[in-house]
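Peer 1: Below you will find the structure I want to go over with you.
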Amino acid sequence: MIPAEQSHLRSSAHSHPGQGGKPNQDRYWVSAYTVGLERPMNSVLAILADGIGGRKAGDVAAQLALDTVKRAVESSHASQPTGILQAAFVQAGQAVLSESESKSKLQGMGSTCLVAWVLDDKLYSANVGNSRMYLLRQGSLQALNVPHEFIREEDGEAGRKARKVSELGQLRAFLGSHLPIEPDFRMPVRAGQLSPRTANNQGFRLRPNDRLLLCSDGLSDVLSEEDILNLLGDSEVEDAAKNLIEAVLEKGGQDNVSAIVLGVPPAHPTSAQQRRRQARRWLVTLISIVLLVVISLYAWESLVPVIEPVVEPAGTALPTHTPLPTNTPEG
């Protein structure tokens with residue numbers, strides 16, 4: 001993929017350590033690319049990694065996970081998005097685990113990871129951990145991924161059986177765990193869809209005015225879905241991430257909190273900012289037309305010669321009566 005100067009999606013991203021006094025272990029990335037040369041596609045890659053709370057060097061793990069996934073996706077040709085994401089998550093898990101085992105001060109570190117990869121209008125996503133992704137479409141909010149609870153390896157088998165690890169009871173691990181990494185590709189695009197078949201929704205088509213939110217659990221644990229719906233819908237895309245985090249802090253959010261918002265532009269301009277731009281364009285056009293008319297009239301007055309009216313000379317008056325000739329001889 002080739003980095004692009006402009007994105008075909010609007011976006012905003014923001015992060016805050018929260019009010020709990022902890023260092024911020026969240027890391028995020030949003031960037032635009034083009035894919036292919038003959039028939040180039042627009043691409044946006046968004047990554048959110050959350051160092052696991054309570055573990056050592058969670059910030060290091062989150063940054064390493066993000067960098068590894070980013071590098072793997074960037075170096076691809078986007079021909080098989082889910083396969084590329086699968087390999088990227090496995091590489092990230094191995095990288096975090098290897099780094100953890102190589103340095104005693106990093107032992108036990110781990111990270112979640114959530115990716116949204118948009119190719120033109122198609123959405124691909126993968127997830128390990130409890131970060132959330134939401135879709136706002138036509139006034140309705142839908143959770144697009146399945147979050148996981150964590151398995152602590154020191155819990156043992158009894159602990160694993162006692163903990164709910166996902167809606168389907170499937171075991172999931174964090175990046176950096178000794179357990180095999182299995183990124184979750186389920187994408188429930190409708191309420192109540194939790195079956196494994198929802199992984200077939202990968203490549204889900206986005207529509208004009210759709211908005212995506214990727215957020216760490218520091219946000220989803222504090223704000224209700226109604227809060228998210230209202231804030232995400234009422235904000236401009238460029239302000240939405242910051243507005244969401246400010247709402248979390250107003251409610252006393254203690255945990256690290258991060259948000260990434262992606263917005264599909266409307267088919268026709270609808271935002272206040274776009275309407276103002278359009279009004280300014282119309283005003284400039286109108287002023288230009290008026291000036292052109294004034295200049296044309298002035299040029300016409302200056303270049304066309306003044307033609308004096310032609311006055312006909314006065315003619316000789318004819319008699320009003322002419323005598324008729326007679327046949328009377330002269331005497």
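Quick note on naming: the chains in the structure tokens go A, B, ... in the order shown, residues restart at 1 in each chain, and ligands are numbered from 1 in order of appearance.
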Near Asp59 (chain A), counting only C-alpha atoms, which residues have an atom at most 10 Å away, once you skip same-chain residues fewer than 5 positions from it, shown as a list in words?

Peer 2: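 What passes the distance filter is Pro23, Asn24, Gln25, Asp26, Arg27, Ala49, Asp50, Gly51, Ile52, Gly53, Leu64, Ala65, Met109, Gly110 and Ser111 of chain A.
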
Peer 1: For region 80-89 of chain A, list every protein, DNA or RNA residue within 12 Å, evaluated using only C-alpha atoms, and leave out those in the same chain fewer than 6 positions away; present the list as an MDAnalysis selection string.

Peer 2: chainID A and resid 43 45 47 49 64:74 95:96 111:119 122:129 173:176 180:186 199:203

Peer 1: A:Leu135, A:Val35, A:Leu232, A:Val222: which is nearest Ser12 (chain A), counting only C-alpha atoms?

Peer 2: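 Comparing A:Leu135, A:Val35, A:Leu232, A:Val222 against Ser12 (chain A), the winner is A:Leu232.
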
Peer 1: So, with only C-alpha atoms as the atoms that count, which of A:Gly263, A:Leu136, A:Lys251, A:Thr285 lies closest to Leu231 (chain A)?

Peer 2: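 For Leu231 (chain A), the nearest of the given residues is A:Leu136.
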
Peer 1: Counting only C-alpha atoms, which residue out of A:Gln63, A:Ser140, A:Ser11, A:Ser177 sits closest to Tyr28 (chain A)?

Peer 2: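 Between A:Gln63, A:Ser140, A:Ser11, A:Ser177, the residue approaching Tyr28 (chain A) most closely is A:Gln63.
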
Peer 1: Write out as a VMD selection string all residues of region 60-300 of chain A that DSSP puts in helix (DSSP H, G or I) for this structure's backbone.

Peer 2: chain A and resid 60 to 74 81 to 102 104 to 106 153 to 162 196 to 201 217 to 220 225 to 234 237 to 250 272 to 300

Peer 1: Residues within 8 Å of Pro265 (chain A), please, as JSON, numbers by chain. Count only C-alpha atoms; anything in the same chain fewer than 3 positions from it doesn't count.

Peer 2: {"A": [8, 9, 10, 208, 209, 210]}

Peer 1: Just how far from CA of Lys242 (chain A) is CA of Arg137 (chain A), in Å to one decimal?

Peer 2: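 Distance between the two atoms: 20.2 Å.
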
Peer 1: Please, which residues of region 178-296 of chain A, numbered as in this document, come out strand (DSSP E or B) from DSSP, as a ChimeraX atom specification?

Peer 2: /A:184,204-205,211-215,257-263

Peer 1: Between A:Ala92, A:Leu283, A:Ala259, A:Leu229, which residue has the minimum interatomic distance to Leu141 (chain A), considering only C-alpha atoms?

Peer 2: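 Of all the options, A:Leu229 lies closest to Leu141 (chain A).
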
Peer 1: Identify, on the basis of only C-alpha atoms, every residue whose closest approach to Ala4 (chain A) does not exceed 9 Å; exclude the query and any residue fewer than 2 positions from it along the same chain; express the result as a list in words.

Peer 2: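 Returned residues: Ile2, Gln6, Ser7, Ser31, Ala32, Tyr33, Thr34, Asn42 and Ser43 of chain A.
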
Peer 1: Can I get the selected residues back with N, CA and C atoms, as a PDB file, in the first residue's frame?

Peer 2:
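Saved file selection36.pdb follows:
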ATOM      1  N   ILE A   2       0.388   2.291  -0.630  1.00  0.00           N
ATOM      2  CA  ILE A   2       1.139   3.536  -0.755  1.00  0.00           C
ATOM      3  C   ILE A   2       0.465   4.605   0.098  1.00  0.00           C
ATOM      4  N   GLN A   6      -4.397  12.464   1.063  1.00  0.00           N
ATOM      5  CA  GLN A   6      -5.773  12.722   1.457  1.00  0.00           C
ATOM      6  C   GLN A   6      -6.521  11.416   1.632  1.00  0.00           C
ATOM      7  N   SER A   7      -7.473  11.424   2.536  1.00  0.00           N
ATOM      8  CA  SER A   7      -8.267  10.238   2.821  1.00  0.00           C
ATOM      9  C   SER A   7      -9.649  10.358   2.201  1.00  0.00           C
ATOM     10  N   SER A  31      -4.477   6.089   9.235  1.00  0.00           N
ATOM     11  CA  SER A  31      -3.774   6.618   8.071  1.00  0.00           C
ATOM     12  C   SER A  31      -4.470   6.187   6.793  1.00  0.00           C
ATOM     13  N   ALA A  32      -4.238   6.965   5.731  1.00  0.00           N
ATOM     14  CA  ALA A  32      -4.843   6.705   4.422  1.00  0.00           C
ATOM     15  C   ALA A  32      -3.790   6.195   3.445  1.00  0.00           C
ATOM     16  N   TYR A  33      -4.228   5.351   2.522  1.00  0.00           N
ATOM     17  CA  TYR A  33      -3.341   4.744   1.529  1.00  0.00           C
ATOM     18  C   TYR A  33      -4.083   4.611   0.196  1.00  0.00           C
ATOM     19  N   THR A  34      -3.319   4.322  -0.838  1.00  0.00           N
ATOM     20  CA  THR A  34      -3.886   3.840  -2.089  1.00  0.00           C
ATOM     21  C   THR A  34      -3.302   2.450  -2.345  1.00  0.00           C
ATOM     22  N   ASN A  42      -8.947   3.308  -2.728  1.00  0.00           N
ATOM     23  CA  ASN A  42      -8.698   4.091  -1.522  1.00  0.00           C
ATOM     24  C   ASN A  42      -8.705   3.161  -0.316  1.00  0.00           C
ATOM     25  N   SER A  43      -7.844   3.447   0.637  1.00  0.00           N
ATOM     26  CA  SER A  43      -7.749   2.589   1.809  1.00  0.00           C
ATOM     27  C   SER A  43      -7.513   3.433   3.053  1.00  0.00           C
TER      28      SER A  43
END

Peer 1: Enter the distance from CA of Gly20 (chain A) to CA of Leu48 (chain A), in Å, rounded to one decimal.

Peer 2: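 Computing it gives 20.5 Å between the two atoms.
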